[in-house]
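Colleague: Here it is, the structure in full.
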Amino acid sequence: MTIATDFTLAELIIAAAAETWRDDGELLATGIGPLPRLAAGLAKLTFAEGMLLTDGEAMIVEQPTPLGPRGDFKPKYTGWMPYNRVFDSVWAGRRHAMVTPVQVDRWAQGNISALGPDFQKPKVQMLGVRGFPGNSISHKNSMFLPNHSKRTFVEGEVDVVSSVGFRKETWPAGSPDDLVKIGLVVTNLCVFDFNGPDHAAQVLSLHPGVTFEQVQDNTGFPLLKAAGLKETAAPTEEQLAIIRRLDPHDVRATVLKGNPPGIRAAA
């Protein structure tokens with residue numbers, strides 16, 4: 001494998017996010033948004049052959065479907081995946097999604113509904129909780145947040161708990177302890193998880209040019225340094241070739257403001 005020396009931050013994130021599905025085995029992978037979707041496709045084509053993907057609608061595909069206009073690409077359909085089959089997979093623990101909440105707190109609770117302290121008169125109205133509560137239990141979820149700041153990783157609880165996390169106060173008495181499974185959290189600064197003591201957030205890798213102090217300064221809750229904290233691995237030339245094939249219209253370049261390079265100058 002040849003390590004790339006010229007890549008964008010979006011491409012670094014795609015390669016890092018693909019790792020969230022490593023060792024998952026045969027299950028349904030769902031990437032919400034361009035970068036998570038490309039990450040799922042990259043995982044499928046490099047190390048997760050048993051992963052199931054959909055065409056973004058209701059069909060299972062043998063090969064990842066490229067983003068944007070498909071041109072001459074003809075999907076290879078291998079099955080039907082309507083909503084009822086998706087939920088059967090969710091409740092059986094056979095799906096791993098990478099979701100894109102707007103806020104996340106120290107308990108890994110996510111918000112996609114509304115911003116502001118008054119739910120009846122929010123400062124910003126978003127999607128509503130939709131199916132997020134049920135989609136946050138019984139199977140694993142990872143997360144991608146493109147703008148790592150204290151507005152996204154908040155000091156207290158998220159404004160609206162749309163997806164549940166590890167805060168016991170929000171769970172009914174006697175609830176099982178194993179309903180919530182959080183994988184990786186990938187941002188424009190780092191990769192972390194909630195596998196520290198008592199589900200504390202711990203930073204696993206820092207993107208090139210980013211310091212731990214910079215990440216902590218942009219996070220509203222305390223972070224731990226994971227054992228073996230490292231720099232996020234650069235994508236390989238082989239991975240970049242796959243990413244470009246799955247994203248021929250360069251949709252990935254529109255996700256992060258200014259499409260910054262993957263190797264940035266140290267602060």
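Ordering of the structure tokens sets the chain letters (A, B, ...), residue numbers begin anew at 1 in every chain, and ligands are numbered from 1 in the order given.
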Can you pull out the residues contacting Val124 (chain A)? Cut-off 7 Å, using only C-alpha atoms, and skip same-chain residues under 5 positions away; I want them as a ChimeraX atom specification.

Modeller: /A:114-116

Colleague: Show me a table, sorted first by chain and then by increasing residue number, of the residues of region 140-187 of chain A having an atom at most 9 Å from region 86-97 of chain A, each with its shortest atom pair and the distance in Å to one decimal, counting only C-alpha atoms and written as CSV.

Modeller:
residue,atom,partner,partner_atom,distance
A:Lys140,CA,A:His96,CA,4.9
A:Asn141,CA,A:Ala97,CA,4.9
A:Ser142,CA,A:Ala97,CA,6.1
A:Met143,CA,A:Ala97,CA,8.1
A:Gly183,CA,A:His96,CA,8.6

Colleague: Leaving out Thr152 (chain A) and any residue of its chain fewer than 4 positions from it, which residues lie within 7 Å of it when counting only C-alpha atoms, given as a list in words?

Modeller: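 Residues meeting the cut-off are Val102, Gln103, Val104 and His148 of chain A.
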
Colleague: List the spatial neighbours of Thr219 (chain A) as a tab-separated table (two decimals) with C-alpha atoms, in the first residue's frame - criterion: any atom at most 9 Å away, only C-alpha atoms, same-chain residues fewer than 2 positions off excluded.

Modeller:
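Okay, this is what ended up in result_12.tsv:
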chain	number	residue	atom	x	y	z
A	148	HIS	CA	-16.00	20.25	16.05
A	149	SER	CA	-16.86	23.07	18.48
A	150	LYS	CA	-18.55	23.70	21.82
A	151	ARG	CA	-21.76	24.41	19.90
A	152	THR	CA	-21.79	20.84	18.61
A	153	PHE	CA	-20.19	19.04	21.59
A	154	VAL	CA	-22.10	20.86	24.28
A	155	GLU	CA	-21.26	21.43	27.94
A	214	GLN	CA	-7.07	22.22	20.54
A	215	VAL	CA	-9.65	19.44	20.57
A	216	GLN	CA	-10.36	19.91	24.28
A	217	ASP	CA	-10.71	23.68	23.84
A	221	PHE	CA	-17.05	18.31	28.21
A	222	PRO	CA	-13.83	16.69	29.45
A	223	LEU	CA	-11.95	14.36	27.13

Colleague: Extract the full set of alpha helix (DSSP H) residues from region 13-208 of chain A according to DSSP on the backbone, and format it as a ChimeraX atom specification.

Modeller: /A:13-18,34-46,83-91,132-135

Colleague: Write a file of the just-selected residues containing C-alpha atoms, as a PDB file, in the first residue's frame.

Modeller:
ATOM      1  CA  ILE A  13     -12.231  11.690   7.254  1.00  0.00           C
ATOM      2  CA  ILE A  14     -13.691   9.161   4.806  1.00  0.00           C
ATOM      3  CA  ALA A  15     -10.758   6.795   5.345  1.00  0.00           C
ATOM      4  CA  ALA A  16     -10.931   7.225   9.129  1.00  0.00           C
ATOM      5  CA  ALA A  17     -14.716   6.789   9.202  1.00  0.00           C
ATOM      6  CA  ALA A  18     -14.519   3.568   7.174  1.00  0.00           C
ATOM      7  CA  PRO A  34     -21.958  12.098   1.707  1.00  0.00           C
ATOM      8  CA  LEU A  35     -18.830  11.386   3.770  1.00  0.00           C
ATOM      9  CA  PRO A  36     -20.326   8.558   5.885  1.00  0.00           C
ATOM     10  CA  ARG A  37     -21.843   7.024   2.757  1.00  0.00           C
ATOM     11  CA  LEU A  38     -18.499   7.113   0.965  1.00  0.00           C
ATOM     12  CA  ALA A  39     -16.859   5.675   4.084  1.00  0.00           C
ATOM     13  CA  ALA A  40     -19.265   2.729   4.067  1.00  0.00           C
ATOM     14  CA  GLY A  41     -18.551   2.116   0.387  1.00  0.00           C
ATOM     15  CA  LEU A  42     -14.818   2.279   1.007  1.00  0.00           C
ATOM     16  CA  ALA A  43     -15.109  -0.253   3.836  1.00  0.00           C
ATOM     17  CA  LYS A  44     -17.144  -2.584   1.635  1.00  0.00           C
ATOM     18  CA  LEU A  45     -14.564  -2.520  -1.154  1.00  0.00           C
ATOM     19  CA  THR A  46     -11.459  -2.849   1.003  1.00  0.00           C
ATOM     20  CA  TYR A  83     -38.405   0.031   5.793  1.00  0.00           C
ATOM     21  CA  ASN A  84     -39.839  -2.988   7.588  1.00  0.00           C
ATOM     22  CA  ARG A  85     -36.712  -5.035   6.771  1.00  0.00           C
ATOM     23  CA  VAL A  86     -34.495  -2.134   7.859  1.00  0.00           C
ATOM     24  CA  PHE A  87     -36.226  -2.026  11.237  1.00  0.00           C
ATOM     25  CA  ASP A  88     -36.025  -5.803  11.566  1.00  0.00           C
ATOM     26  CA  SER A  89     -32.252  -5.417  11.074  1.00  0.00           C
ATOM     27  CA  VAL A  90     -32.095  -2.568  13.601  1.00  0.00           C
ATOM     28  CA  TRP A  91     -33.983  -4.379  16.345  1.00  0.00           C
ATOM     29  CA  PHE A 132     -33.910   8.704  15.845  1.00  0.00           C
ATOM     30  CA  PRO A 133     -35.023   7.385  19.275  1.00  0.00           C
ATOM     31  CA  GLY A 134     -35.770   3.894  17.985  1.00  0.00           C
ATOM     32  CA  ASN A 135     -32.754   3.965  15.710  1.00  0.00           C
TER      33      ASN A 135
END

Colleague: Find the residues around region 194-205 of chain A up to 7 Å (only C-alpha atoms counted), leave out those fewer than 4 positions away in its own chain, and share them as a list in words.

Modeller: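 The filter keeps Arg106, Ile182, Cys190, Leu223, Leu224, Lys225, Ala226, Leu229, Lys230, Glu231 and Thr232 of chain A.
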
Colleague: So, counting only C-alpha atoms, which residue among A:Pro66, A:Ser136, A:Ala4, A:Val180 is closest to Thr236 (chain A)?

Modeller: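 The closest residue to Thr236 (chain A) is A:Ala4.
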
Colleague: What does the structure give for the distance between CA of Pro117 (chain A) and CA of Pro172 (chain A), in Å to one decimal?

Modeller: 23.2 Å

Colleague: Distance CA of Gln109 (chain A)-CA of Ile137 (chain A), one decimal place?

Modeller: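 According to the coordinates, CA of Gln109 (chain A) and CA of Ile137 (chain A) are separated by 11.4 Å.
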
Colleague: Grab the CA of Glu11 (chain A) to CA of Arg252 (chain A) distance for me, in Å with one decimal place.

Modeller: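 Calculated distance between CA of Glu11 (chain A) and CA of Arg252 (chain A) is 7.7 Å.
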
Colleague: Which residue gives the smallest distance to Pro75 (chain A) among A:Glu62, A:Asp105, A:Glu157, A:Glu57, with only C-alpha atoms counted?

Modeller: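 Distance minimum relative to Pro75 (chain A) lands on A:Glu62.
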
Colleague: Which residue out of A:Leu127, A:Leu184, A:Val255, A:Leu246 has the minimum interatomic distance to Trp21 (chain A) when only C-alpha atoms are used?

Modeller: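 Of A:Leu127, A:Leu184, A:Val255, A:Leu246, the one nearest Trp21 (chain A) is A:Leu184, counting only C-alpha atoms.
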
Colleague: Out of region 4-146 of chain A, which residues get strand (DSSP E) from DSSP, as JSON, numbers by chain?

Modeller: {"A": [28, 29, 30, 31, 53, 54, 59, 60, 61, 77, 78, 79, 80, 95, 96, 97, 98, 99, 103, 104, 110, 111, 114, 115, 124, 125, 140, 141, 142, 143, 144, 145]}

Colleague: Give me, as a PyMOL selection string, all polymer residues having an atom no more than 12 Å from Lys257 (chain A), counting only C-alpha atoms and skipping those fewer than 6 positions away in the same chain.

Modeller: chain A and resi 8-10+146-147+188
